[in-house]
Amino acid sequence: MGQLRPLSLLICALLSLGAGVAQAQAVNAAPPARRTITVDERLATAAGLAVGDLVTVTTVAGTVGDSVRIAAITRRGADPSEVARSEFRVRLHLEHLQTITRSGDRVGRFAVQSRTNGANAPALSRGVSLPVSPGVSAASVAADINATAFGFRAYPAVEVAVETSATFRVVNRFHRAIGIITIVASAIFLLCITLLKVDERRRDIGALRLLGVSRRSVVRAVVLESSLVALVGSGMGAGFGWAASAIVNWYYQGFYDTPLRFAMVTPGIVAFAVTLSLVLGVVSGYLAAQRLVRTAPLELVGR
Amino acid sequence: MILRLALATLTRRRARTALTTAGVAVATAMLLDMVMLGSGMRESFRGFIEQQGFQLRITPRGTMPFDTEATVGGGAALVVALQGDPDVVRVAPIIGTKGFVTRAGTDSVIGAFLLGLDPTVQGDYILAEGRDVAAPDEMVVNAAWLASTGYAVGDTVALAAGYEPQVRRLRGIKTVRIVGRGRFVMLAGGDRAAALPIATVQAIGGEERRDRVSVVLVATRTGADVEAVRARIERADPRLSALSTTAALRFVDERLSYFRQLAFILASVSLAVGFLLVTTLVTVSVNERIGEIAVMRAIGVARWRIVAQVMIEGVALSAVGAILGLGLGLVTARWLNGILATFPGLPAAFDFFLFEPSAAFRSLGMIVLCGIAAGVWPAWRAATLPIARTLREEAVA
């Protein structure tokens with residue numbers, strides 16, 4: 001604490017207007033004796049920093065910089081666009097960063113929050129803040145800004161989120177494709193197993209048919225059996241999936257140092273898996289049973 | 001005779017044999033895809049790096065090539081210093097920045113990645129049309145740049161180093177001629193790019209870019225210890241990080257480790273599914289023919305013949321399924337590669353699924369080994385049947 005540590009930082013931190021302006025105003029009202037910064041947990045761990053430490057920030061390694069105090073250590077949010085990037089992050093007051101980077105009054109982007117549509121508020125890539133009336137959608141505000149101003153572009157926050165999660169959308173499409181292949185493999189596997197199980201009981205079924213049990217009853221019994229197997233299997237699969245997702249989250253959250261959840265077993269996914277499994281069970285049972293009931297009973301018992 | 005018996009058993013129940021073969025084929029396809037995925041990314045990236053012909057990449061300390069906008073000053077002196085190393089045979093300084101042009105026939109401004117390099121030693125693009133840069137006012141662009149700007153090879157354009165959007169003013173303008181179209185190997189498909197001599201890019205960038213470089217590529221002499229050269233460069237100038245091909249591959253491995261892990265898990269699952277399918281089928285098949293096997297043993301057929309027959313069934317199922325699966329795997333790999341090709345920021349020609357004959361043989365070998373392993377237990381069971389009791393039970397049944 002209080003020890004001056006040289007810390008050369010390549011500052012490419014993104015500053016949001018909300019935090020930036022609020023902090024800048026506070027600074028204007030009562031300028032602190034020494035400027036403060038926040039560093040993320042990853043940097044604090046890597047450089048052995050703690051709240052209250054004095055560090056030097058500079059844009060060029062090895063040059064004289066600005067001595068600042070660490071005011072807080074922050075934890076990153078669950079942002080998919082940052083998950084694979086292992087860079088450090090430092091937050092400074094907006095005008096402080098502008099001063100040390102000699103960028104004058106320039107800004108990278110603005111975030112504009114509306115009173116009613118906070119989640120969909122437009123973000124401007126460059127430009128000025130505009131008041132957003134209550135009840136007005138972020139998309140229409142963004143469209144108005146883009147139609148009347150130039151030199152910057154406004155995007156609804158949702159659009160920005162979609163754009164920055166492009167990596168995850170590709171991964172999602174890849175997972176779906178793998179899912180389709182897995183479903184095909186499962187269908188073949190289930191059909192094969194059902195066929196084998198039914199074939200194994202040719203004599204039993206032949207005897208039942210000779211005793212007068214109808215074809216329909218045999219088909220129903222086989223379909224019921226394969227459906228039950230599929231249902232129990234999918235239940236076990238859901239449990240296995242839940243355990244696997246817990247392991248995946250535990251591993252990748254640690255690996256990427258993020259609170260992001262990588263795998264989720266939702267009721268919708270469980271319902272889809274159970275339904276699909278049930279349909280496959282019914283279809284495979286029906287097909288296997290049909291093959292059997294079309295064969296003469298005497299042939300089934302081996303005569 | 002053993003072979004004929006095994007084949008007769010398999011063809012007796014055609015539907016189940018066909019289904020099992022299909023199951024093994026899907027498992028093999030998945031296995032092949034995952035083996036290709038596991039090694040494809042690394043080999044594809046290695047191809048890109050080695051294609052450039054440089055073993056070291058020098059960047060501002062703590063950064064990766066073009067990962068940030070950081071540059072190093074004193075580029076000319078740095079190049080001279082690097083050329084002075086006895087193990088260095090070629091040095092290619094590069095500056096990466098943004099360049100702007102006005103779209104042909106309109107007043108809209110288009111931004112693109114601008115690469116300043118030495119055309120005589122560059123490894124960043126492959127010329128596809130026209131000729132290479134030979135003068136300070138000539139540039140090579142990619143197809144995306146031409147499509148966005150509406151210009152063609154041979155046109156003359158006003159290239160700017162900066163753009164003030166509020167006042168719609170271009171700054172650092174230089175008139176240059178497009179002399180060629182190239183494929184920029186390290187850029188994503190839709191990225192617009194242009195390459196000019198490094199001195200031109202530094203000059204139009206003004207004071208901000210004067211004598212600065214983003215990356216310096218270094219080729220070492222054959223037989224030189226690249227790691228030693230790397231260490232020497234980092235020791236000599238603390239502003240620099242030197243990245244060897246091995247370290248670059250390690251970095252890519254780290255960033256794309258998720259896919260390798262996924263590939264490993266899915267490949268293991270595929271093998272397990274293939275193994276279970278063949279084991280189940282062969283076991284059921286043996287159970288069905290238990291009387292037949294007991295008779296064969298009773299009339300003097302040797303145990304090893306029974307074992308061989310059962311194992312041939314497993315191997316035949318696996319081999320046929322594996323061969324079908326190889327074709328299916330190539331088709332699905334193409335499909336999956338098409339999906340992952342849209343991964344943001346990756347070079348357009350980057351292959352996640354790189355076909356290598358060794359990968360195909362490895363997959364084939366693993367599935368056939370699975371088939372052999374799958375036949376072991378049912379074969380042993382068939383060969384060790386108590387003959388008299390089995391015959392009696394079968395007769396009663």
# chains A, B, ... in the order shown; residues from 1 in each chain; ligands from 1
call {"tool": "interface_residues", "arguments": {"of": "chain B", "to": "chain A", "cutoff": "6 Å", "atoms": "only C-alpha atoms", "output": "list in words"}}
result
Leu19, Gly23, Val26, Pro165, Gln166 and Phe343 of chain B
call {"tool": "write_last_selection", "arguments": {"atoms": "N, CA and C atoms", "output": "short mmCIF file (atom, residue, chain, number, x, y, z; two decimals), in the first residue's frame"}}
result
data_model
loop_
_atom_site.label_atom_id
_atom_site.label_comp_id
_atom_site.auth_asym_id
_atom_site.auth_seq_id
_atom_site.Cartn_x
_atom_site.Cartn_y
_atom_site.Cartn_z
N LEU B 19 -28.27 -51.42 -40.46
CA LEU B 19 -28.39 -50.37 -39.45
C LEU B 19 -27.09 -50.20 -38.66
N GLY B 23 -24.76 -47.00 -38.44
CA GLY B 23 -24.36 -46.41 -37.15
C GLY B 23 -22.85 -46.24 -37.07
N VAL B 26 -21.76 -43.35 -39.30
CA VAL B 26 -21.96 -42.02 -38.69
C VAL B 26 -20.90 -41.77 -37.61
N PRO B 165 -14.88 12.69 -39.64
CA PRO B 165 -16.27 12.51 -40.06
C PRO B 165 -17.16 13.73 -39.80
N GLN B 166 -16.87 14.48 -38.72
CA GLN B 166 -17.74 15.63 -38.42
C GLN B 166 -17.71 16.68 -39.52
N PHE B 343 -16.42 -17.48 -38.82
CA PHE B 343 -15.87 -17.05 -37.53
C PHE B 343 -15.23 -15.67 -37.71
#
call {"tool": "residues_around", "arguments": {"residues": "Asp253 in chain B", "least_positions_apart": "2", "cutoff": "12 Å", "atoms": "only C-alpha atoms", "output": "list in words"}}
result
Ala84 of chain A; Gly38, Ser39, Gly40, Met41, Arg42, Glu43, Ser44, Phe45, Arg46, Thr246, Ala247, Ala248, Leu249, Arg250, Phe251, Arg255, Leu256, Ser257, Tyr258, Phe259, Arg260 and Gln261 of chain B
call {"tool": "closest_residue", "arguments": {"among": "A:Leu231, A:Ala244, A:Arg106, A:Val68", "to": "Ala271 in chain A", "atoms": "only C-alpha atoms"}}
result
A:Leu231
call {"tool": "atom_distance", "arguments": {"atom1": "CA of Val213 in chain A", "atom2": "CA of Glu288 in chain B"}}
result
24.2 Å
call {"tool": "residues_around", "arguments": {"residues": "Val91 in chain B", "least_positions_apart": "5", "cutoff": "8 Å", "atoms": "only C-alpha atoms", "output": "list in words"}}
result
Val79, Leu82, Gln83, Val121, Val216, Leu217, Val218 and Ala219 of chain B
call {"tool": "closest_residue", "arguments": {"among": "A:Pro267, A:Gly281, A:Pro297, A:Gly179", "to": "Ser226 in chain A", "atoms": "only C-alpha atoms"}}
result
A:Gly281
call {"tool": "residues_around", "arguments": {"residues": "range 355-366 of chain B", "least_positions_apart": "6", "cutoff": "10 Å", "atoms": "only C-alpha atoms", "output": "number ranges by chain"}}
result
B: 28-40, 43, 267, 271, 318-319, 321-323, 325-326, 329-330, 333-334, 372
call {"tool": "select_by_dssp", "arguments": {"residues": "range 177-333 of chain B", "states": "helix (DSSP H, G or I)", "output": "short mmCIF file (atom, residue, chain, number, x, y, z; two decimals) with N, CA and C atoms, in the first residue's frame"}}
result
data_model
loop_
_atom_site.label_atom_id
_atom_site.label_comp_id
_atom_site.auth_asym_id
_atom_site.auth_seq_id
_atom_site.Cartn_x
_atom_site.Cartn_y
_atom_site.Cartn_z
N ILE B 198 6.06 0.84 -47.56
CA ILE B 198 5.97 1.32 -46.17
C ILE B 198 6.29 2.82 -46.07
N ALA B 199 7.22 3.28 -46.88
CA ALA B 199 7.59 4.70 -46.81
C ALA B 199 6.41 5.59 -47.17
N THR B 200 5.59 5.15 -48.10
CA THR B 200 4.43 5.94 -48.52
C THR B 200 3.42 6.04 -47.38
N VAL B 201 3.16 4.88 -46.75
CA VAL B 201 2.17 4.87 -45.65
C VAL B 201 2.67 5.71 -44.49
N GLN B 202 3.96 5.61 -44.19
CA GLN B 202 4.52 6.42 -43.09
C GLN B 202 4.42 7.91 -43.44
N ALA B 203 4.68 8.25 -44.70
CA ALA B 203 4.68 9.66 -45.10
C ALA B 203 3.28 10.26 -45.04
N ILE B 204 2.26 9.56 -45.53
CA ILE B 204 0.91 10.16 -45.53
C ILE B 204 0.32 10.20 -44.12
N GLY B 206 1.82 11.34 -41.58
CA GLY B 206 2.36 12.52 -40.90
C GLY B 206 3.26 12.13 -39.73
N GLU B 207 3.36 13.04 -38.76
CA GLU B 207 4.24 12.84 -37.60
C GLU B 207 3.88 11.57 -36.83
N GLU B 208 2.57 11.31 -36.79
CA GLU B 208 2.06 10.16 -36.02
C GLU B 208 2.66 8.83 -36.49
N VAL B 226 16.40 -20.44 -33.80
CA VAL B 226 15.42 -19.35 -33.83
C VAL B 226 15.17 -18.80 -32.43
N GLU B 227 15.13 -19.70 -31.45
CA GLU B 227 14.87 -19.26 -30.07
C GLU B 227 15.99 -18.36 -29.55
N ALA B 228 17.22 -18.68 -29.96
CA ALA B 228 18.36 -17.87 -29.53
C ALA B 228 18.28 -16.48 -30.18
N VAL B 229 17.91 -16.45 -31.46
CA VAL B 229 17.76 -15.16 -32.16
C VAL B 229 16.66 -14.34 -31.48
N ARG B 230 15.56 -15.02 -31.17
CA ARG B 230 14.43 -14.35 -30.52
C ARG B 230 14.87 -13.72 -29.19
N ALA B 231 15.58 -14.51 -28.40
CA ALA B 231 16.03 -14.02 -27.09
C ALA B 231 16.98 -12.83 -27.25
N ARG B 232 17.86 -12.93 -28.26
CA ARG B 232 18.83 -11.84 -28.51
C ARG B 232 18.09 -10.54 -28.85
N ILE B 233 17.06 -10.65 -29.70
CA ILE B 233 16.32 -9.45 -30.13
C ILE B 233 15.62 -8.82 -28.92
N GLU B 234 14.98 -9.64 -28.11
CA GLU B 234 14.25 -9.11 -26.94
C GLU B 234 15.21 -8.48 -25.93
N ARG B 235 16.40 -9.08 -25.81
CA ARG B 235 17.39 -8.54 -24.87
C ARG B 235 17.92 -7.19 -25.36
N ALA B 236 18.13 -7.11 -26.67
CA ALA B 236 18.74 -5.90 -27.24
C ALA B 236 17.81 -4.69 -27.18
N THR B 245 7.48 -18.89 -34.57
CA THR B 245 6.38 -19.66 -35.15
C THR B 245 5.78 -20.59 -34.10
N THR B 246 6.65 -21.21 -33.30
CA THR B 246 6.18 -22.13 -32.26
C THR B 246 5.30 -21.38 -31.27
N ALA B 247 5.75 -20.18 -30.86
CA ALA B 247 4.96 -19.41 -29.88
C ALA B 247 3.63 -18.96 -30.50
N ALA B 248 3.67 -18.60 -31.80
CA ALA B 248 2.43 -18.17 -32.48
C ALA B 248 1.44 -19.32 -32.53
N LEU B 249 1.96 -20.53 -32.81
CA LEU B 249 1.08 -21.70 -32.86
C LEU B 249 0.52 -22.00 -31.47
N ARG B 250 1.35 -21.79 -30.45
CA ARG B 250 0.90 -22.02 -29.08
C ARG B 250 -0.23 -21.04 -28.74
N PHE B 251 -0.06 -19.80 -29.21
CA PHE B 251 -1.05 -18.76 -28.96
C PHE B 251 -2.38 -19.13 -29.63
N VAL B 252 -2.29 -19.60 -30.88
CA VAL B 252 -3.51 -20.00 -31.60
C VAL B 252 -4.16 -21.19 -30.90
N ASP B 253 -3.31 -22.12 -30.47
CA ASP B 253 -3.81 -23.29 -29.74
C ASP B 253 -4.61 -22.86 -28.52
N GLU B 254 -4.07 -21.86 -27.84
CA GLU B 254 -4.71 -21.38 -26.61
C GLU B 254 -6.05 -20.73 -26.91
N ARG B 255 -6.07 -19.90 -27.97
CA ARG B 255 -7.31 -19.19 -28.31
C ARG B 255 -8.39 -20.12 -28.83
N SER B 257 -8.53 -23.40 -28.11
CA SER B 257 -8.45 -24.65 -27.35
C SER B 257 -9.82 -25.29 -27.18
N TYR B 258 -10.86 -24.45 -27.15
CA TYR B 258 -12.21 -24.97 -26.97
C TYR B 258 -12.52 -26.02 -28.05
N PHE B 259 -12.14 -25.72 -29.30
CA PHE B 259 -12.47 -26.63 -30.40
C PHE B 259 -11.69 -27.93 -30.29
N ARG B 260 -10.45 -27.84 -29.82
CA ARG B 260 -9.66 -29.06 -29.66
C ARG B 260 -10.27 -29.94 -28.58
N GLN B 261 -10.70 -29.29 -27.49
CA GLN B 261 -11.30 -30.06 -26.40
C GLN B 261 -12.62 -30.69 -26.84
N LEU B 262 -13.40 -29.90 -27.57
CA LEU B 262 -14.68 -30.42 -28.08
C LEU B 262 -14.42 -31.60 -29.02
N ALA B 263 -13.39 -31.43 -29.88
CA ALA B 263 -13.05 -32.48 -30.83
C ALA B 263 -12.67 -33.76 -30.09
N PHE B 264 -11.90 -33.62 -29.02
CA PHE B 264 -11.46 -34.78 -28.26
C PHE B 264 -12.66 -35.50 -27.63
N ILE B 265 -13.56 -34.70 -27.03
CA ILE B 265 -14.73 -35.30 -26.35
C ILE B 265 -15.63 -36.00 -27.37
N LEU B 266 -15.93 -35.31 -28.48
CA LEU B 266 -16.83 -35.91 -29.46
C LEU B 266 -16.20 -37.11 -30.16
N ALA B 267 -14.89 -37.06 -30.37
CA ALA B 267 -14.21 -38.22 -30.98
C ALA B 267 -14.30 -39.42 -30.04
N SER B 268 -14.13 -39.16 -28.74
CA SER B 268 -14.22 -40.26 -27.76
C SER B 268 -15.64 -40.83 -27.73
N VAL B 269 -16.63 -39.95 -27.77
CA VAL B 269 -18.03 -40.41 -27.76
C VAL B 269 -18.32 -41.23 -29.02
N SER B 270 -17.81 -40.75 -30.16
CA SER B 270 -18.03 -41.47 -31.42
C SER B 270 -17.44 -42.87 -31.36
N LEU B 271 -16.23 -42.96 -30.83
CA LEU B 271 -15.58 -44.27 -30.70
C LEU B 271 -16.40 -45.18 -29.79
N ALA B 272 -16.88 -44.60 -28.68
CA ALA B 272 -17.66 -45.40 -27.73
C ALA B 272 -18.96 -45.88 -28.37
N VAL B 273 -19.60 -45.00 -29.15
CA VAL B 273 -20.86 -45.39 -29.82
C VAL B 273 -20.60 -46.52 -30.82
N GLY B 274 -19.54 -46.36 -31.62
CA GLY B 274 -19.18 -47.39 -32.59
C GLY B 274 -18.90 -48.71 -31.91
N PHE B 275 -18.17 -48.65 -30.82
CA PHE B 275 -17.80 -49.85 -30.07
C PHE B 275 -19.06 -50.53 -29.51
N LEU B 276 -19.95 -49.73 -28.90
CA LEU B 276 -21.17 -50.29 -28.31
C LEU B 276 -22.06 -50.94 -29.35
N LEU B 277 -22.17 -50.27 -30.50
CA LEU B 277 -23.03 -50.80 -31.56
C LEU B 277 -22.54 -52.17 -32.02
N VAL B 278 -21.24 -52.24 -32.33
CA VAL B 278 -20.70 -53.51 -32.84
C VAL B 278 -20.75 -54.58 -31.76
N THR B 279 -20.41 -54.21 -30.53
CA THR B 279 -20.45 -55.20 -29.44
C THR B 279 -21.86 -55.75 -29.28
N THR B 280 -22.84 -54.84 -29.26
CA THR B 280 -24.23 -55.29 -29.08
C THR B 280 -24.64 -56.25 -30.18
N LEU B 281 -24.35 -55.85 -31.42
CA LEU B 281 -24.78 -56.69 -32.54
C LEU B 281 -24.12 -58.06 -32.50
N VAL B 282 -22.81 -58.05 -32.28
CA VAL B 282 -22.09 -59.33 -32.30
C VAL B 282 -22.54 -60.20 -31.11
N THR B 283 -22.77 -59.58 -29.96
CA THR B 283 -23.22 -60.34 -28.79
C THR B 283 -24.59 -60.98 -29.05
N VAL B 284 -25.51 -60.19 -29.59
CA VAL B 284 -26.85 -60.72 -29.88
C VAL B 284 -26.75 -61.82 -30.93
N SER B 285 -25.89 -61.58 -31.92
CA SER B 285 -25.72 -62.56 -32.98
C SER B 285 -25.20 -63.88 -32.41
N VAL B 286 -24.26 -63.81 -31.48
CA VAL B 286 -23.71 -65.02 -30.86
C VAL B 286 -24.80 -65.70 -30.02
N ASN B 287 -25.57 -64.91 -29.28
CA ASN B 287 -26.64 -65.48 -28.45
C ASN B 287 -27.65 -66.24 -29.31
N GLU B 288 -27.95 -65.68 -30.47
CA GLU B 288 -28.91 -66.32 -31.37
C GLU B 288 -28.40 -67.64 -31.91
N ILE B 290 -26.23 -69.70 -30.49
CA ILE B 290 -25.51 -70.42 -29.44
C ILE B 290 -25.55 -71.95 -29.68
N GLY B 291 -26.73 -72.41 -30.15
CA GLY B 291 -26.86 -73.84 -30.44
C GLY B 291 -25.99 -74.24 -31.61
N GLU B 292 -26.00 -73.40 -32.63
CA GLU B 292 -25.21 -73.65 -33.84
C GLU B 292 -23.72 -73.74 -33.50
N ILE B 293 -23.30 -72.83 -32.63
CA ILE B 293 -21.88 -72.81 -32.24
C ILE B 293 -21.55 -74.07 -31.43
N ALA B 294 -22.48 -74.47 -30.55
CA ALA B 294 -22.26 -75.67 -29.74
C ALA B 294 -22.13 -76.90 -30.64
N VAL B 295 -22.95 -76.95 -31.69
CA VAL B 295 -22.88 -78.08 -32.63
C VAL B 295 -21.53 -78.08 -33.33
N MET B 296 -21.10 -76.89 -33.76
CA MET B 296 -19.80 -76.80 -34.44
C MET B 296 -18.68 -77.29 -33.54
N ARG B 297 -18.76 -76.87 -32.28
CA ARG B 297 -17.74 -77.31 -31.34
C ARG B 297 -17.82 -78.83 -31.14
N ALA B 298 -19.08 -79.36 -31.09
CA ALA B 298 -19.28 -80.79 -30.84
C ALA B 298 -18.73 -81.64 -31.98
N ARG B 303 -11.61 -74.20 -31.26
CA ARG B 303 -12.03 -72.96 -30.58
C ARG B 303 -11.59 -71.71 -31.37
N TRP B 304 -10.35 -71.74 -31.86
CA TRP B 304 -9.83 -70.53 -32.52
C TRP B 304 -10.63 -70.19 -33.75
N ARG B 305 -11.22 -71.25 -34.38
CA ARG B 305 -12.03 -70.99 -35.57
C ARG B 305 -13.32 -70.25 -35.19
N ILE B 306 -13.88 -70.65 -34.05
CA ILE B 306 -15.10 -69.97 -33.57
C ILE B 306 -14.76 -68.51 -33.24
N VAL B 307 -13.65 -68.35 -32.51
CA VAL B 307 -13.22 -66.99 -32.14
C VAL B 307 -13.00 -66.15 -33.39
N ALA B 308 -12.30 -66.74 -34.37
CA ALA B 308 -12.00 -66.00 -35.60
C ALA B 308 -13.27 -65.59 -36.32
N GLN B 309 -14.23 -66.54 -36.38
CA GLN B 309 -15.48 -66.25 -37.10
C GLN B 309 -16.22 -65.07 -36.46
N VAL B 310 -16.33 -65.10 -35.12
CA VAL B 310 -17.06 -64.03 -34.42
C VAL B 310 -16.32 -62.70 -34.57
N MET B 311 -14.99 -62.78 -34.49
CA MET B 311 -14.23 -61.53 -34.58
C MET B 311 -14.28 -60.96 -35.99
N ILE B 312 -14.30 -61.84 -36.99
CA ILE B 312 -14.40 -61.36 -38.38
C ILE B 312 -15.70 -60.58 -38.57
N GLU B 313 -16.77 -61.06 -37.90
CA GLU B 313 -18.05 -60.35 -38.00
C GLU B 313 -17.89 -58.90 -37.52
N GLY B 314 -17.27 -58.76 -36.35
CA GLY B 314 -17.07 -57.42 -35.78
C GLY B 314 -16.20 -56.55 -36.66
N VAL B 315 -15.11 -57.15 -37.16
CA VAL B 315 -14.18 -56.37 -37.99
C VAL B 315 -14.85 -55.99 -39.31
N ALA B 316 -15.61 -56.94 -39.90
CA ALA B 316 -16.27 -56.66 -41.18
C ALA B 316 -17.26 -55.51 -41.03
N LEU B 317 -18.06 -55.56 -39.95
CA LEU B 317 -19.03 -54.48 -39.71
C LEU B 317 -18.30 -53.14 -39.56
N SER B 318 -17.24 -53.14 -38.78
CA SER B 318 -16.51 -51.90 -38.53
C SER B 318 -15.84 -51.39 -39.80
N ALA B 319 -15.23 -52.32 -40.55
CA ALA B 319 -14.49 -51.89 -41.74
C ALA B 319 -15.42 -51.29 -42.79
N VAL B 320 -16.55 -51.98 -43.05
CA VAL B 320 -17.49 -51.45 -44.05
C VAL B 320 -18.05 -50.11 -43.58
N GLY B 321 -18.44 -50.06 -42.31
CA GLY B 321 -18.97 -48.81 -41.75
C GLY B 321 -17.94 -47.70 -41.81
N ALA B 322 -16.68 -48.06 -41.54
CA ALA B 322 -15.62 -47.04 -41.53
C ALA B 322 -15.38 -46.49 -42.93
N ILE B 323 -15.40 -47.39 -43.93
CA ILE B 323 -15.15 -46.91 -45.30
C ILE B 323 -16.28 -45.97 -45.74
N LEU B 324 -17.54 -46.37 -45.43
CA LEU B 324 -18.66 -45.49 -45.76
C LEU B 324 -18.55 -44.18 -44.97
N GLY B 325 -18.11 -44.31 -43.73
CA GLY B 325 -18.01 -43.14 -42.85
C GLY B 325 -16.96 -42.14 -43.31
N LEU B 326 -15.92 -42.64 -43.98
CA LEU B 326 -14.89 -41.71 -44.46
C LEU B 326 -15.47 -40.72 -45.47
N GLY B 327 -16.28 -41.28 -46.40
CA GLY B 327 -16.93 -40.42 -47.39
C GLY B 327 -17.89 -39.46 -46.72
N LEU B 328 -18.70 -40.02 -45.81
CA LEU B 328 -19.69 -39.18 -45.10
C LEU B 328 -18.97 -38.10 -44.28
N GLY B 329 -17.86 -38.48 -43.69
CA GLY B 329 -17.10 -37.55 -42.86
C GLY B 329 -16.57 -36.37 -43.67
N LEU B 330 -16.13 -36.65 -44.91
CA LEU B 330 -15.61 -35.57 -45.75
C LEU B 330 -16.72 -34.59 -46.10
N VAL B 331 -17.92 -35.14 -46.36
CA VAL B 331 -19.07 -34.27 -46.71
C VAL B 331 -19.44 -33.41 -45.50
N THR B 332 -19.57 -34.04 -44.32
CA THR B 332 -19.97 -33.27 -43.13
C THR B 332 -18.87 -32.27 -42.72
N ALA B 333 -17.62 -32.65 -42.95
CA ALA B 333 -16.51 -31.73 -42.62
C ALA B 333 -16.62 -30.46 -43.46
#
call {"tool": "select_by_dssp", "arguments": {"residues": "range 80-282 of chain A", "states": "strand (DSSP E)", "output": "number ranges by chain"}}
result
A: 90-91, 110-111, 122-124, 154-156
call {"tool": "closest_residue", "arguments": {"among": "A:Ala288, A:Arg76, A:Met236, A:Leu49", "to": "Pro259 in chain A", "atoms": "only C-alpha atoms"}}
result
A:Arg76
call {"tool": "residues_around", "arguments": {"residues": "Thr106 in chain B", "least_positions_apart": "2", "cutoff": "12 Å", "atoms": "only C-alpha atoms", "output": "ChimeraX atom specification"}}
result
/B:101-104,108-110,148-151
call {"tool": "decode", "arguments": {"residues": "range 266-305 of chain B", "atoms": "C-alpha atoms", "output": "compact mmCIF listing (two decimals), in the first residue's frame"}}
result
# COMPACT_ATOMS: atom_id res chain seq x y z
CA LEU B 266 -16.83 -35.91 -29.46
CA ALA B 267 -14.21 -38.22 -30.98
CA SER B 268 -14.22 -40.26 -27.76
CA VAL B 269 -18.03 -40.41 -27.76
CA SER B 270 -18.03 -41.47 -31.42
CA LEU B 271 -15.58 -44.27 -30.70
CA ALA B 272 -17.66 -45.40 -27.73
CA VAL B 273 -20.86 -45.39 -29.82
CA GLY B 274 -19.18 -47.39 -32.59
CA PHE B 275 -17.80 -49.85 -30.07
CA LEU B 276 -21.17 -50.29 -28.31
CA LEU B 277 -23.03 -50.80 -31.56
CA VAL B 278 -20.70 -53.51 -32.84
CA THR B 279 -20.45 -55.20 -29.44
CA THR B 280 -24.23 -55.29 -29.08
CA LEU B 281 -24.78 -56.69 -32.54
CA VAL B 282 -22.09 -59.33 -32.30
CA THR B 283 -23.22 -60.34 -28.79
CA VAL B 284 -26.85 -60.72 -29.88
CA SER B 285 -25.72 -62.56 -32.98
CA VAL B 286 -23.71 -65.02 -30.86
CA ASN B 287 -26.64 -65.48 -28.45
CA GLU B 288 -28.91 -66.32 -31.37
CA ARG B 289 -26.49 -68.89 -32.73
CA ILE B 290 -25.51 -70.42 -29.44
CA GLY B 291 -26.86 -73.84 -30.44
CA GLU B 292 -25.21 -73.65 -33.84
CA ILE B 293 -21.88 -72.81 -32.24
CA ALA B 294 -22.26 -75.67 -29.74
CA VAL B 295 -22.88 -78.08 -32.63
CA MET B 296 -19.80 -76.80 -34.44
CA ARG B 297 -17.74 -77.31 -31.34
CA ALA B 298 -19.28 -80.79 -30.84
CA ILE B 299 -18.31 -81.92 -34.34
CA GLY B 300 -14.73 -80.87 -33.74
CA VAL B 301 -14.41 -77.29 -34.97
CA ALA B 302 -11.51 -75.74 -33.09
CA ARG B 303 -12.03 -72.96 -30.58
CA TRP B 304 -9.83 -70.53 -32.52
CA ARG B 305 -12.03 -70.99 -35.57
